[in-house]
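**Q** File model03.cif below, mmCIF, C-alpha atoms:
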```cif
data_upload
loop_
_atom_site.label_atom_id
_atom_site.label_comp_id
_atom_site.auth_asym_id
_atom_site.auth_seq_id
_atom_site.Cartn_x
_atom_site.Cartn_y
_atom_site.Cartn_z
CA MET A 1 30.63 7.90 -6.84
CA SER A 2 31.90 11.32 -5.84
CA ALA A 3 30.93 13.18 -2.70
CA GLY A 4 28.80 15.43 -4.86
CA ASP A 5 26.90 12.45 -6.21
CA SER A 6 26.27 11.23 -2.70
CA ALA A 7 24.80 14.54 -1.66
CA HIS A 8 22.63 14.56 -4.75
CA THR A 9 21.37 11.07 -4.01
CA ALA A 10 20.64 11.86 -0.38
CA THR A 11 18.53 14.82 -1.44
CA ASP A 12 16.69 13.45 -4.44
CA GLN A 13 16.68 9.73 -3.69
CA PRO A 14 16.45 9.45 0.08
CA LEU A 15 15.35 5.82 -0.20
CA ALA A 16 18.18 4.69 -2.49
CA GLY A 17 19.50 1.33 -1.38
CA ARG A 18 16.36 0.56 0.59
CA VAL A 19 13.94 -2.21 -0.30
CA ALA A 20 10.17 -1.85 -0.08
CA ILE A 21 7.44 -4.44 -0.36
CA VAL A 22 4.13 -3.02 -1.59
CA THR A 23 1.17 -5.40 -1.58
CA GLY A 24 -1.94 -5.00 -3.70
CA VAL A 25 -0.40 -3.38 -6.77
CA SER A 26 -3.05 -4.66 -9.16
CA ARG A 27 -4.50 -1.72 -11.08
CA ARG A 28 -3.09 1.39 -12.71
CA VAL A 29 -5.71 3.53 -10.99
CA GLY A 30 -5.05 2.05 -7.57
CA ILE A 31 -3.35 3.33 -4.44
CA GLY A 32 -0.82 0.51 -4.52
CA LEU A 33 0.67 1.61 -7.81
CA ALA A 34 0.70 5.25 -6.69
CA VAL A 35 2.67 4.23 -3.60
CA ALA A 36 5.05 2.09 -5.63
CA ARG A 37 5.60 4.95 -8.07
CA ARG A 38 6.39 7.40 -5.28
CA LEU A 39 8.79 5.01 -3.57
CA THR A 40 10.67 4.15 -6.74
CA THR A 41 10.93 7.86 -7.54
CA LEU A 42 12.61 8.28 -4.16
CA GLY A 43 15.07 5.57 -5.15
CA ALA A 44 13.69 2.53 -3.36
CA ASP A 45 13.91 -0.97 -4.81
CA LEU A 46 10.48 -2.58 -4.96
CA LEU A 47 8.85 -5.94 -4.66
CA VAL A 48 5.18 -5.68 -5.51
CA THR A 49 2.40 -8.22 -5.18
CA SER A 50 -0.95 -8.41 -6.91
CA TRP A 51 -4.00 -10.61 -7.00
CA THR A 52 -6.09 -9.79 -10.03
CA ALA A 53 -8.55 -12.62 -9.41
CA HIS A 54 -10.16 -10.49 -6.71
CA ASP A 55 -10.54 -7.50 -8.99
CA ARG A 56 -12.12 -9.65 -11.67
CA ASP A 57 -14.82 -10.61 -9.17
CA GLN A 58 -15.59 -6.98 -8.34
CA PRO A 59 -17.80 -4.50 -10.23
CA TRP A 60 -14.73 -2.54 -11.33
CA GLY A 61 -12.95 -5.54 -12.79
CA ALA A 62 -9.26 -6.15 -13.32
CA ASP A 63 -7.05 -3.61 -15.04
CA PRO A 64 -7.91 -3.75 -18.76
CA GLY A 65 -4.23 -3.69 -19.63
CA GLY A 66 -3.41 -6.61 -17.39
CA MET A 67 -0.50 -6.75 -14.99
CA GLU A 68 1.94 -5.96 -17.78
CA ALA A 69 0.39 -2.52 -18.11
CA VAL A 70 0.50 -2.03 -14.36
CA LEU A 71 4.14 -3.03 -14.11
CA ALA A 72 5.03 -0.98 -17.18
CA GLU A 73 4.21 2.10 -15.09
CA LEU A 74 7.16 1.18 -12.90
CA THR A 75 9.57 0.28 -15.64
CA ALA A 76 9.34 3.23 -18.02
CA GLN A 77 12.81 4.24 -19.10
CA GLU A 78 12.07 7.93 -18.85
CA ALA A 79 9.95 9.61 -16.23
CA ALA A 80 6.90 11.04 -17.95
CA PRO A 81 4.03 13.04 -16.50
CA ASP A 82 1.18 10.89 -15.26
CA PRO A 83 -1.98 11.98 -17.10
CA ARG A 84 -4.01 11.31 -13.97
CA SER A 85 -1.88 13.47 -11.70
CA ASP A 86 0.07 16.65 -11.91
CA LEU A 87 2.32 15.53 -9.13
CA ALA A 88 3.82 12.12 -9.81
CA PRO A 89 6.32 11.14 -12.45
CA ALA A 90 5.64 7.76 -13.97
CA ALA A 91 8.83 6.04 -13.03
CA GLY A 92 11.96 6.42 -11.00
CA PRO A 93 15.43 5.09 -10.56
CA GLY A 94 14.71 2.19 -8.20
CA ARG A 95 14.70 -1.42 -9.28
CA ARG A 96 11.52 -3.43 -9.19
CA ALA A 97 10.46 -7.04 -8.97
CA ARG A 98 7.07 -8.68 -8.98
CA CYS A 99 6.20 -11.46 -6.62
CA PRO A 100 4.19 -13.82 -8.85
CA PRO A 101 1.09 -15.57 -7.55
CA GLY A 102 3.05 -18.70 -6.72
CA GLY A 103 5.83 -16.79 -5.02
CA GLY A 104 9.43 -17.84 -4.90
CA LEU A 105 10.48 -16.17 -8.14
CA SER A 106 11.61 -12.67 -8.77
CA ARG A 107 12.65 -10.52 -11.66
CA PRO A 108 14.78 -7.68 -10.36
CA GLY A 109 16.15 -5.32 -12.94
CA ARG A 110 17.30 -1.77 -13.26
CA ALA A 111 14.35 0.37 -14.27
CA MET B 1 -0.35 -13.39 -4.44
CA ASP B 2 -3.48 -14.77 -2.81
CA PHE B 3 -3.44 -13.78 0.85
CA LEU B 4 -6.13 -16.34 1.60
CA ASP B 5 -3.14 -18.68 1.51
CA PRO B 6 -1.65 -18.69 5.01
CA ASP B 7 1.82 -19.30 3.58
CA ALA B 8 1.70 -16.30 1.23
CA PRO B 9 3.17 -13.74 3.66
CA GLU B 10 6.23 -15.87 4.26
CA ARG B 11 6.71 -16.34 0.51
CA VAL B 12 6.50 -12.60 -0.12
CA LEU B 13 9.24 -11.86 2.40
CA ALA B 14 11.36 -14.69 1.08
CA ALA B 15 10.99 -13.31 -2.44
CA ALA B 16 12.00 -9.81 -1.37
CA VAL B 17 15.08 -10.95 0.49
CA GLY B 18 15.89 -13.34 -2.34
CA ALA B 19 15.72 -10.54 -4.89
CA TYR B 20 17.52 -7.81 -2.98
CA GLY B 21 19.27 -9.40 0.00
CA HIS B 22 17.41 -7.48 2.65
CA VAL B 23 14.17 -5.61 3.24
CA ASP B 24 13.52 -2.20 4.80
CA MET B 25 9.88 -1.28 4.26
CA LEU B 26 6.58 -3.12 4.25
CA ILE B 27 3.53 -1.36 2.80
CA CYS B 28 0.42 -3.49 3.31
CA ASN B 29 -1.90 -1.93 0.75
CA HIS B 30 -3.83 -5.02 -0.34
CA ALA B 31 -7.41 -5.64 0.75
CA ARG B 32 -10.35 -7.84 0.04
CA SER B 33 -13.38 -5.66 -0.65
CA SER B 34 -16.61 -6.91 0.84
CA ASP B 35 -20.07 -5.35 0.86
CA GLY B 36 -22.74 -6.47 3.28
CA GLY B 37 -24.63 -5.27 6.34
CA LEU B 38 -26.48 -7.13 9.04
CA GLY B 39 -28.56 -9.84 7.44
CA GLU B 40 -26.03 -10.33 4.68
CA LEU B 41 -23.05 -11.65 6.60
CA THR B 42 -21.82 -15.19 6.18
CA ALA B 43 -19.21 -17.04 8.16
CA ALA B 44 -17.31 -17.88 4.99
CA GLU B 45 -17.05 -14.28 3.82
CA LEU B 46 -16.16 -13.02 7.29
CA ASP B 47 -13.38 -15.59 7.47
CA ALA B 48 -12.09 -14.66 4.04
CA VAL B 49 -12.10 -10.93 4.74
CA PHE B 50 -10.39 -11.35 8.09
CA ALA B 51 -7.85 -13.72 6.54
CA VAL B 52 -6.83 -11.34 3.76
CA ASN B 53 -7.19 -7.99 5.49
CA ALA B 54 -6.09 -8.76 9.05
CA ARG B 55 -4.47 -12.20 9.36
CA ALA B 56 -2.24 -11.80 6.32
CA VAL B 57 -1.16 -8.33 7.40
CA LEU B 58 -0.12 -9.54 10.85
CA LEU B 59 1.73 -12.45 9.30
CA LEU B 60 3.43 -10.10 6.85
CA VAL B 61 4.56 -7.88 9.72
CA GLN B 62 5.79 -10.92 11.61
CA ALA B 63 7.72 -12.21 8.61
CA PHE B 64 9.11 -8.73 7.96
CA ALA B 65 10.24 -8.38 11.57
CA ALA B 66 11.93 -11.78 11.40
CA ARG B 67 13.97 -10.76 8.37
CA HIS B 68 14.70 -7.11 9.07
CA ASP B 69 18.38 -6.89 9.89
CA GLY B 70 18.27 -3.87 12.17
CA ARG B 71 19.65 -1.26 9.80
CA PRO B 72 18.16 2.24 10.15
CA GLY B 73 15.01 3.11 8.26
CA GLY B 74 12.74 0.19 9.01
CA ARG B 75 9.15 1.04 8.13
CA VAL B 76 5.76 -0.61 8.26
CA VAL B 77 2.71 1.16 6.84
CA LEU B 78 -0.76 -0.35 7.09
CA PHE B 79 -4.02 0.86 5.59
CA THR B 80 -7.26 1.26 7.47
CA SER B 81 -10.58 2.82 6.56
CA GLY B 82 -12.78 5.47 8.15
CA GLN B 83 -14.68 3.08 10.38
CA GLN B 84 -13.57 4.88 13.52
CA LEU B 85 -14.85 8.22 12.20
CA GLY B 86 -18.31 7.26 11.03
CA PRO B 87 -20.50 4.26 10.33
CA MET B 88 -19.78 1.86 7.50
CA SER B 89 -22.96 -0.11 8.03
CA GLY B 90 -22.99 -1.61 4.57
CA GLU B 91 -19.47 -3.02 4.77
CA LEU B 92 -19.39 -4.66 8.17
CA ALA B 93 -16.87 -7.39 7.45
CA TYR B 94 -14.52 -4.99 5.68
CA ALA B 95 -14.84 -2.35 8.41
CA ALA B 96 -14.24 -4.92 11.15
CA SER B 97 -11.11 -6.18 9.45
CA LYS B 98 -9.81 -2.65 8.93
CA ALA B 99 -10.60 -1.74 12.54
CA ALA B 100 -8.33 -4.59 13.57
CA LEU B 101 -5.40 -2.92 11.81
CA ALA B 102 -6.08 0.49 13.33
CA GLY B 103 -6.48 -1.16 16.71
CA ILE B 104 -3.25 -3.13 16.62
CA THR B 105 -1.04 -0.31 15.33
CA VAL B 106 0.13 0.88 18.75
CA SER B 107 1.03 -2.63 19.84
CA LEU B 108 2.99 -3.37 16.69
CA ALA B 109 4.74 -0.02 16.93
CA ASP B 110 5.82 -0.72 20.49
CA THR B 111 6.99 -4.20 19.60
CA LEU B 112 9.28 -2.94 16.85
CA ALA B 113 10.30 0.43 18.28
CA ASP B 114 13.51 -0.81 19.89
CA ARG B 115 14.70 -1.86 16.44
CA GLY B 116 14.06 1.53 14.92
CA ILE B 117 11.14 0.27 12.87
CA THR B 118 8.16 2.61 12.80
CA VAL B 119 4.63 1.31 12.36
CA ASN B 120 1.89 3.64 11.18
CA THR B 121 -1.53 3.17 9.65
CA VAL B 122 -3.09 5.41 7.02
CA ASN B 123 -6.78 6.03 6.44
CA PRO B 124 -6.76 7.55 2.93
CA GLY B 125 -10.44 8.48 3.01
CA PRO B 126 -12.65 7.97 -0.01
CA THR B 127 -10.22 7.61 -2.90
CA ASP B 128 -11.14 7.63 -6.58
CA THR B 129 -9.87 4.32 -7.82
CA ALA B 130 -12.73 3.84 -10.27
CA TYR B 131 -14.80 1.64 -7.99
CA VAL B 132 -18.11 3.54 -7.92
CA ASP B 133 -20.64 4.62 -10.54
CA GLN B 134 -20.70 8.16 -11.86
CA ALA B 135 -23.70 9.26 -9.79
CA THR B 136 -22.01 8.17 -6.57
CA ARG B 137 -18.77 9.72 -7.68
CA GLU B 138 -20.43 13.11 -8.18
CA ARG B 139 -22.46 12.92 -4.97
CA VAL B 140 -19.48 12.06 -2.79
CA ALA B 141 -17.25 14.66 -4.46
CA LYS B 142 -19.49 17.36 -3.01
CA MET B 143 -18.74 16.07 0.49
CA PHE B 144 -15.12 17.21 0.18
CA PRO B 145 -14.21 20.88 0.69
CA ALA B 146 -12.09 20.64 -2.46
CA GLY B 147 -15.04 19.27 -4.42
CA ARG B 148 -13.16 16.18 -5.49
CA TRP B 149 -12.35 12.70 -4.23
CA GLY B 150 -8.98 11.80 -2.86
CA THR B 151 -6.56 10.61 -5.51
CA PRO B 152 -4.27 7.60 -5.15
CA ASP B 153 -1.35 9.99 -5.07
CA ASP B 154 -2.87 11.88 -2.13
CA ALA B 155 -2.37 8.67 -0.14
CA ALA B 156 0.93 7.83 -1.79
CA ARG B 157 2.58 11.10 -0.82
CA LEU B 158 1.82 10.45 2.83
CA VAL B 159 3.03 6.86 2.66
CA ALA B 160 6.22 7.93 0.90
CA TRP B 161 6.88 10.56 3.54
CA LEU B 162 6.35 8.02 6.32
CA CYS B 163 9.03 5.92 4.65
CA THR B 164 11.63 8.69 4.71
CA ASP B 165 13.97 9.59 7.53
CA ASP B 166 11.96 12.78 8.04
CA ALA B 167 9.25 10.61 9.60
CA ALA B 168 11.55 8.67 11.92
CA TRP B 169 9.94 10.17 15.02
CA VAL B 170 6.39 9.21 14.02
CA THR B 171 5.22 5.76 15.09
CA GLY B 172 2.09 4.08 16.39
CA GLN B 173 -0.17 6.56 14.65
CA VAL B 174 -3.41 6.12 12.75
CA ILE B 175 -3.36 9.02 10.32
CA ASN B 176 -6.57 10.22 8.71
CA SER B 177 -5.77 11.84 5.37
CA GLU B 178 -9.14 12.67 3.91
CA GLY B 179 -9.07 16.27 2.72
CA GLY B 180 -11.57 17.32 5.36
CA PHE B 181 -14.18 14.82 4.13
CA ARG B 182 -17.59 15.87 5.49
CA ARG B 183 -19.06 12.44 6.05
CA TYR B 184 -22.12 13.74 7.95
CA ARG B 185 -23.26 16.34 5.46
#
```
Give the structure from this file in structure tokens form.
**A**
Amino acid sequence: MSAGDSAHTATDQPLAGRVAIVTGVSRRVGIGLAVARRLTTLGADLLVTSWTAHDRDQPWGADPGGMEAVLAELTAQEAAPDPRSDLAPAAGPGRRARCPPGGGLSRPGRA
Amino acid sequence: MDFLDPDAPERVLAAAVGAYGHVDMLICNHARSSDGGLGELTAAELDAVFAVNARAVLLLVQAFAARHDGRPGGRVVLFTSGQQLGPMSGELAYAASKAALAGITVSLADTLADRGITVNTVNPGPTDTAYVDQATRERVAKMFPAGRWGTPDDAARLVAWLCTDDAAWVTGQVINSEGGFRRYR
């Protein structure tokens, strides 16, 4: 990496190389996913947790697309405009992993 | 990850460190929703709400602090609600559990300050995450000067900023980000 690349990263990806845990990333319309999307856009690596059983018990229900649809928002190969927001791109350069309900496993991978 | 399980916080931190080798930021966004006013409370539901919303968060912070290796940029962000700004009489268990997080923020911030870890708590205000019916959605929208609910990204921008080095001097704060929500109108 050249000095120019470093400067670029510091400006556009201030969280590159940093690892964030975001809990409660269970629905595409939720705050948790919005936070995860912002952090990965800033370059952070993510570990997200979810518990869809709670959503299923609530009037709003679980995400109709399931967790795959939620996680897909963080793994898109190209940043695309989010139809629900004029501010947030749909994905960023950080890696992501999901902490499954049983814990102990992880699936890190370059987004 | 079911945060009713007392071992879940430890497993989450172990998974993060296992995946990436270290951990810098902990964003405790999860919550158990719970409606109910006086006359509707049960010991079982109070225990469950406190376990998920307060106990698990404190255990997550503890597990995070145990694994954080002291590098610059340590961040903890918690979420509270508007219970300190106006009554939430129909969600007593939820409001009590969220008050615990607002109330403990200063103590956690002081505990971790010497290690350069900031601890802040965000009240995002009413946020449109598709949890109310259309009539409620329209009624509450009129209580905001902007005529709309908060969006998830309204909260996310603040959280993301708190995670950057620009926010290194901000700790122990409960930040109300509600777009001027007029809860008494």
**Q** Would you compute the distance between CA of Pro14 (chain A) and CA of Thr151 (chain B)? Give it in Å to one decimal.
**A**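 Spanning CA of Pro14 (chain A) to CA of Thr151 (chain B) is a straight-line distance of 23.7 Å.
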**Q** Around (5.1, 4.4, -4.2) in the file's frame, which residues reach within 8 Å when counting only C-alpha atoms? Return as a list of chain:residue names?
**A**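 In the file's frame, the residues around the point are A:Val22, A:Gly32, A:Leu33, A:Ala34, A:Val35, A:Ala36, A:Arg37, A:Arg38, A:Leu39, A:Thr40, A:Thr41, B:Ala156, B:Arg157, B:Val159, B:Ala160.
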**Q** Quick check: residues of chain A within 6 Å of chain B, only C-alpha atoms, returned as a ChimeraX atom specification.
**A** /A:18-24,29-32,34-35,39,47,49-51,60,101,103-104
**Q** Calculate how many Å separate CA of Ala72 (chain A) from CA of Asp57 (chain A), rounding to one decimal.
**A**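 These atoms are spaced 23.5 Å apart.
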**Q** Find the distance between CA of Ile175 (chain B) and CA of Phe79 (chain B) and write it in Å to one decimal.
**A**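 Separation of CA of Ile175 (chain B) and CA of Phe79 (chain B): 9.5 Å.
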**Q** When you look at Leu42 (chain A) with a cut-off of 7 Å (counting all atoms listed in the file), what residues show up, excluding the ones that are within fewer than 6 positions of it in the same chain? I need them as a list in words.
**A**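 Here the qualifying residues turn out to be Asp12, Gln13, Pro14, Leu15 and Ala16 of chain A.
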**Q** Compare B:Thr80, B:Val174, B:Val52, B:Val61 by their minimum atom-to-atom distance to Thr111 (chain B), counting all atoms listed in the file, and give me the closest one.
**A**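 Going through B:Thr80, B:Val174, B:Val52, B:Val61 one by one, the smallest distance to Thr111 (chain B) is for B:Val61.
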**Q** Report as number ranges by chain all protein, DNA and RNA residues lying within 12 Å of Arg182 (chain B), evaluated on all atoms listed in the file, omitting residues in the same chain fewer than 4 positions from it.
**A** B: 82, 85-86, 125-126, 139-149, 178
**Q** Provide region 41-53 of chain A of the preceding structure as a file containing N, CA and C atoms, as a compact mmCIF listing (two decimals), in the first residue's frame.
**A**
```
# COMPACT_ATOMS: atom_id res chain seq x y z
N THR A 41 -19.37 0.58 5.88
CA THR A 41 -19.03 1.60 4.88
C THR A 41 -17.78 2.37 5.31
N LEU A 42 -17.63 2.55 6.62
CA LEU A 42 -16.45 3.24 7.14
C LEU A 42 -15.24 2.31 7.24
N GLY A 43 -15.43 1.05 6.84
CA GLY A 43 -14.30 0.13 6.77
C GLY A 43 -14.19 -0.87 7.90
N ALA A 44 -15.10 -0.81 8.86
CA ALA A 44 -15.00 -1.72 10.00
C ALA A 44 -15.34 -3.16 9.60
N ASP A 45 -14.70 -4.10 10.28
CA ASP A 45 -15.09 -5.50 10.20
C ASP A 45 -16.19 -5.74 11.23
N LEU A 46 -17.18 -6.54 10.88
CA LEU A 46 -18.36 -6.68 11.72
C LEU A 46 -18.58 -8.10 12.20
N LEU A 47 -19.08 -8.20 13.41
CA LEU A 47 -19.72 -9.42 13.87
C LEU A 47 -21.12 -9.02 14.34
N VAL A 48 -22.13 -9.56 13.70
CA VAL A 48 -23.50 -9.19 14.05
C VAL A 48 -24.21 -10.37 14.70
N THR A 49 -25.14 -10.03 15.60
CA THR A 49 -25.97 -11.06 16.21
C THR A 49 -27.44 -10.76 15.91
N SER A 50 -28.24 -11.80 15.96
CA SER A 50 -29.67 -11.63 15.73
C SER A 50 -30.42 -12.67 16.56
N TRP A 51 -31.68 -12.40 16.76
CA TRP A 51 -32.54 -13.36 17.45
C TRP A 51 -33.94 -13.19 16.90
N THR A 52 -34.20 -13.89 15.80
CA THR A 52 -35.45 -13.69 15.07
C THR A 52 -36.65 -14.28 15.81
N ALA A 53 -36.41 -15.15 16.76
CA ALA A 53 -37.53 -15.74 17.50
C ALA A 53 -38.33 -14.65 18.21
```
